[in-house]
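K.L.:
For reference, this is target_17.txt, and it has compact mmCIF, N, CA and C atoms.
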# COMPACT_ATOMS: atom_id res chain seq x y z
N MET A 1 0.83 -1.20 0.00
CA MET A 1 0.00 0.00 0.00
C MET A 1 0.87 1.26 0.00
N PHE A 2 1.94 1.23 0.80
CA PHE A 2 2.85 2.39 0.86
C PHE A 2 3.50 2.65 -0.49
N LEU A 3 3.92 1.56 -1.16
CA LEU A 3 4.58 1.72 -2.45
C LEU A 3 3.62 2.25 -3.51
N ASP A 4 2.35 1.87 -3.42
CA ASP A 4 1.36 2.38 -4.37
C ASP A 4 1.19 3.89 -4.22
N ILE A 5 1.09 4.35 -3.00
CA ILE A 5 0.95 5.78 -2.74
C ILE A 5 2.22 6.52 -3.16
N LEU A 6 3.38 5.93 -2.85
CA LEU A 6 4.65 6.53 -3.25
C LEU A 6 4.76 6.63 -4.77
N LEU A 7 4.27 5.62 -5.47
CA LEU A 7 4.32 5.63 -6.93
C LEU A 7 3.44 6.73 -7.51
N VAL A 8 2.26 6.90 -6.96
CA VAL A 8 1.36 7.95 -7.45
C VAL A 8 1.95 9.33 -7.20
N ILE A 9 2.48 9.54 -6.00
CA ILE A 9 3.05 10.85 -5.66
C ILE A 9 4.26 11.16 -6.52
N THR A 10 5.15 10.19 -6.69
CA THR A 10 6.35 10.45 -7.48
C THR A 10 6.01 10.60 -8.97
N SER A 11 4.98 9.90 -9.44
CA SER A 11 4.58 10.06 -10.84
C SER A 11 4.09 11.47 -11.10
N LEU A 12 3.23 11.97 -10.24
CA LEU A 12 2.73 13.34 -10.40
C LEU A 12 3.86 14.36 -10.27
N LEU A 13 4.75 14.12 -9.32
CA LEU A 13 5.87 15.03 -9.12
C LEU A 13 6.81 15.03 -10.32
N LEU A 14 7.03 13.87 -10.91
CA LEU A 14 7.89 13.79 -12.10
C LEU A 14 7.28 14.56 -13.28
N VAL A 15 5.98 14.44 -13.45
CA VAL A 15 5.33 15.18 -14.53
C VAL A 15 5.52 16.68 -14.31
N LEU A 16 5.32 17.13 -13.09
CA LEU A 16 5.48 18.55 -12.77
C LEU A 16 6.92 19.01 -12.98
N LEU A 17 7.87 18.22 -12.51
CA LEU A 17 9.28 18.60 -12.62
C LEU A 17 9.76 18.63 -14.07
N VAL A 18 9.31 17.68 -14.87
CA VAL A 18 9.72 17.66 -16.27
C VAL A 18 9.14 18.87 -17.00
N LEU A 19 7.90 19.23 -16.67
CA LEU A 19 7.30 20.40 -17.30
C LEU A 19 7.98 21.70 -16.87
N LEU A 20 8.59 21.71 -15.70
CA LEU A 20 9.26 22.92 -15.23
C LEU A 20 10.62 23.14 -15.89
N HIS A 21 11.17 22.09 -16.48
CA HIS A 21 12.46 22.25 -17.14
C HIS A 21 12.35 23.19 -18.33
N ARG A 22 13.37 23.98 -18.52
CA ARG A 22 13.37 24.95 -19.61
C ARG A 22 13.90 24.28 -20.87
N ALA A 23 13.13 24.36 -21.91
CA ALA A 23 13.56 23.83 -23.20
C ALA A 23 14.08 24.99 -24.04
N LYS A 24 14.33 24.74 -25.31
CA LYS A 24 14.84 25.79 -26.18
C LYS A 24 13.86 26.95 -26.28
N GLY A 25 12.58 26.63 -26.36
CA GLY A 25 11.58 27.66 -26.54
C GLY A 25 11.01 28.21 -25.25
N GLY A 26 11.52 27.81 -24.12
CA GLY A 26 10.97 28.28 -22.86
C GLY A 26 10.46 27.11 -22.05
N GLY A 27 9.20 26.95 -21.92
CA GLY A 27 8.62 25.89 -21.12
C GLY A 27 7.72 26.50 -20.08
N LEU A 28 7.17 25.66 -19.25
CA LEU A 28 6.27 26.18 -18.22
C LEU A 28 7.02 26.98 -17.17
N SER A 29 8.31 26.75 -17.03
CA SER A 29 9.07 27.51 -16.05
C SER A 29 9.10 29.00 -16.40
N SER A 30 8.99 29.32 -17.69
CA SER A 30 8.97 30.73 -18.08
C SER A 30 7.63 31.37 -17.76
N LEU A 31 6.57 30.55 -17.64
CA LEU A 31 5.27 31.11 -17.29
C LEU A 31 5.21 31.51 -15.83
N PHE A 32 5.87 30.74 -14.97
CA PHE A 32 5.85 31.03 -13.54
C PHE A 32 7.01 31.95 -13.20
N GLY A 33 6.85 33.22 -13.41
CA GLY A 33 7.89 34.19 -13.08
C GLY A 33 8.88 34.36 -14.19
N GLY A 34 8.45 34.85 -15.32
CA GLY A 34 9.36 35.06 -16.44
C GLY A 34 10.42 36.10 -16.14
N GLY A 35 10.09 37.10 -15.32
CA GLY A 35 11.07 38.12 -14.96
C GLY A 35 12.17 37.55 -14.09
N VAL A 36 11.81 36.65 -13.19
CA VAL A 36 12.80 36.01 -12.33
C VAL A 36 13.70 35.12 -13.17
N GLN A 37 13.11 34.44 -14.14
CA GLN A 37 13.89 33.56 -14.99
C GLN A 37 14.92 34.33 -15.80
N SER A 38 14.54 35.52 -16.27
CA SER A 38 15.48 36.29 -17.08
C SER A 38 16.63 36.82 -16.22
N SER A 39 16.35 37.13 -14.96
CA SER A 39 17.44 37.60 -14.12
C SER A 39 18.34 36.46 -13.66
N LEU A 40 17.80 35.23 -13.66
CA LEU A 40 18.60 34.08 -13.25
C LEU A 40 19.18 33.32 -14.45
N SER A 41 19.02 33.87 -15.65
CA SER A 41 19.47 33.13 -16.82
C SER A 41 20.98 32.93 -16.84
N GLY A 42 21.72 33.81 -16.21
CA GLY A 42 23.16 33.63 -16.14
C GLY A 42 23.57 32.59 -15.12
N SER A 43 22.72 32.35 -14.13
CA SER A 43 23.01 31.40 -13.07
C SER A 43 22.39 30.05 -13.40
N THR A 44 23.19 29.01 -13.25
CA THR A 44 22.69 27.67 -13.54
C THR A 44 22.36 26.91 -12.26
N VAL A 45 22.38 27.59 -11.13
CA VAL A 45 22.12 26.92 -9.85
C VAL A 45 20.69 26.40 -9.82
N VAL A 46 19.75 27.19 -10.31
CA VAL A 46 18.35 26.78 -10.29
C VAL A 46 18.16 25.56 -11.18
N GLU A 47 18.74 25.57 -12.36
CA GLU A 47 18.61 24.43 -13.27
C GLU A 47 19.30 23.19 -12.71
N LYS A 48 20.46 23.37 -12.07
CA LYS A 48 21.15 22.21 -11.48
C LYS A 48 20.33 21.60 -10.37
N ASN A 49 19.73 22.44 -9.52
CA ASN A 49 18.91 21.93 -8.43
C ASN A 49 17.67 21.23 -8.97
N LEU A 50 17.07 21.80 -10.01
CA LEU A 50 15.90 21.17 -10.63
C LEU A 50 16.28 19.83 -11.24
N ASP A 51 17.45 19.75 -11.86
CA ASP A 51 17.94 18.48 -12.41
C ASP A 51 18.14 17.45 -11.31
N ARG A 52 18.74 17.86 -10.22
CA ARG A 52 19.00 16.93 -9.09
C ARG A 52 17.70 16.42 -8.50
N ILE A 53 16.74 17.31 -8.30
CA ILE A 53 15.46 16.90 -7.73
C ILE A 53 14.74 15.95 -8.68
N THR A 54 14.81 16.23 -9.98
CA THR A 54 14.16 15.37 -10.97
C THR A 54 14.80 13.99 -11.00
N ILE A 55 16.12 13.93 -10.96
CA ILE A 55 16.82 12.64 -10.97
C ILE A 55 16.51 11.85 -9.70
N PHE A 56 16.51 12.53 -8.55
CA PHE A 56 16.20 11.85 -7.29
C PHE A 56 14.77 11.31 -7.31
N THR A 57 13.84 12.12 -7.80
CA THR A 57 12.45 11.68 -7.87
C THR A 57 12.30 10.51 -8.83
N GLY A 58 13.04 10.56 -9.94
CA GLY A 58 13.01 9.45 -10.89
C GLY A 58 13.54 8.16 -10.29
N LEU A 59 14.59 8.27 -9.50
CA LEU A 59 15.14 7.08 -8.84
C LEU A 59 14.16 6.50 -7.82
N VAL A 60 13.51 7.36 -7.05
CA VAL A 60 12.51 6.89 -6.10
C VAL A 60 11.35 6.22 -6.85
N TRP A 61 10.98 6.78 -8.01
CA TRP A 61 9.91 6.23 -8.83
C TRP A 61 10.27 4.83 -9.32
N VAL A 62 11.52 4.67 -9.80
CA VAL A 62 11.96 3.35 -10.28
C VAL A 62 12.01 2.35 -9.13
N ILE A 63 12.48 2.77 -7.97
CA ILE A 63 12.54 1.87 -6.81
C ILE A 63 11.14 1.45 -6.40
N ALA A 64 10.19 2.38 -6.45
CA ALA A 64 8.80 2.04 -6.11
C ALA A 64 8.24 1.02 -7.10
N ILE A 65 8.54 1.19 -8.39
CA ILE A 65 8.05 0.24 -9.39
C ILE A 65 8.67 -1.14 -9.17
N LEU A 66 9.97 -1.17 -8.91
CA LEU A 66 10.63 -2.45 -8.65
C LEU A 66 10.07 -3.11 -7.38
N GLY A 67 9.83 -2.30 -6.37
CA GLY A 67 9.26 -2.84 -5.13
C GLY A 67 7.88 -3.41 -5.33
N ILE A 68 7.06 -2.72 -6.12
CA ILE A 68 5.71 -3.24 -6.40
C ILE A 68 5.81 -4.53 -7.22
N GLY A 69 6.74 -4.57 -8.17
CA GLY A 69 6.93 -5.78 -8.96
C GLY A 69 7.35 -6.96 -8.09
N LEU A 70 8.27 -6.73 -7.17
CA LEU A 70 8.71 -7.80 -6.27
C LEU A 70 7.60 -8.23 -5.33
N GLU A 71 6.80 -7.25 -4.90
CA GLU A 71 5.69 -7.55 -4.01
C GLU A 71 4.64 -8.41 -4.74
N ILE A 72 4.41 -8.13 -6.00
CA ILE A 72 3.45 -8.92 -6.78
C ILE A 72 3.99 -10.33 -7.02
N LYS A 73 5.28 -10.42 -7.32
CA LYS A 73 5.87 -11.71 -7.64
C LYS A 73 5.99 -12.62 -6.42
N PHE A 74 6.47 -12.07 -5.30
CA PHE A 74 6.75 -12.89 -4.13
C PHE A 74 5.73 -12.75 -3.02
N GLY A 75 4.88 -11.76 -3.09
CA GLY A 75 3.96 -11.52 -1.97
C GLY A 75 2.62 -12.01 -2.27
In structure tokens, how does this file's structure come out?
P.N.:
Amino acid sequence: MFLDILLVITSLLLVLLVLLHRAKGGGLSSLFGGGVQSSLSGSTVVEKNLDRITIFTGLVWVIAILGIGLEIKFG
């Protein structure tokens, strides 16, 4: 039950985090505070932190899927 809830939360969070990433044409991150984004365009700290959070969330998502798979197979 815990892994199911964790999977749903991390899935929604991954969708949100991927949409926040800035692509060539902008992205949803430019909609949420475009003025802040332009002042931070020289700094990559925000993008690095967003990348780290996305990777960590992705790893938790994969672990939850593997855990559910093992639970189905052996439980």
K.L.:
Between A:Leu66, A:Leu20, A:Val8, A:Val15, which is the closest to Leu50 of chain A once you count only N, CA and C atoms?
P.N.:
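Once distances to Leu50 of chain A are computed over only N, CA and C atoms, the minimum belongs to A:Leu20.
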K.L.:
Could you jot down the atom C of Leu6 of chain A to atom C of Thr44 of chain A separation for me, Å, one decimal place?
P.N.:
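Straight-line distance from atom C of Leu6 of chain A to atom C of Thr44 of chain A works out to 27.9 Å.
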K.L.:
For atom C of Leu3 of chain A and atom CA of Ile55 of chain A, determine how far apart the two atoms are, in Å to one decimal place.
P.N.:
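Interatomic distance, atom C of Leu3 of chain A to atom CA of Ile55 of chain A: 18.4 Å.
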K.L.:
With distances taken over only C-alpha atoms, which of A:Lys73, A:Ser11, A:Val45, A:Ile5 is nearest to Leu59 of chain A?
P.N.:
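Checking each of A:Lys73, A:Ser11, A:Val45, A:Ile5 against Leu59 of chain A, counting only C-alpha atoms, the winner is A:Ser11.
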K.L.:
At what distance in Å, to one decimal, does atom CA of Trp61 of chain A lie from atom CA of Thr10 of chain A?
P.N.:
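About the pair atom CA of Thr10 of chain A and atom CA of Trp61 of chain A: they are 5.7 Å apart.
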K.L.:
Quick one: residues within 8 Å of Asp4 of chain A, only N, CA and C atoms counted, chain neighbours fewer than 4 positions away excluded, as a list in words?
P.N.:
Val8, Ile9, Thr10, Ala64, Ile65, Gly67 and Ile68 of chain A
K.L.:
Using all atoms of segment 9-22 of chain A listed in the file and a margin of 5 Å per side, can you give the axis-aligned box centre and edge lengths in Å to one decimal, as JSON?
P.N.:
{"center_x": 8.2, "center_y": 17.2, "center_z": -13.3, "size_x": 21.4, "size_y": 25.4, "size_z": 25.2}
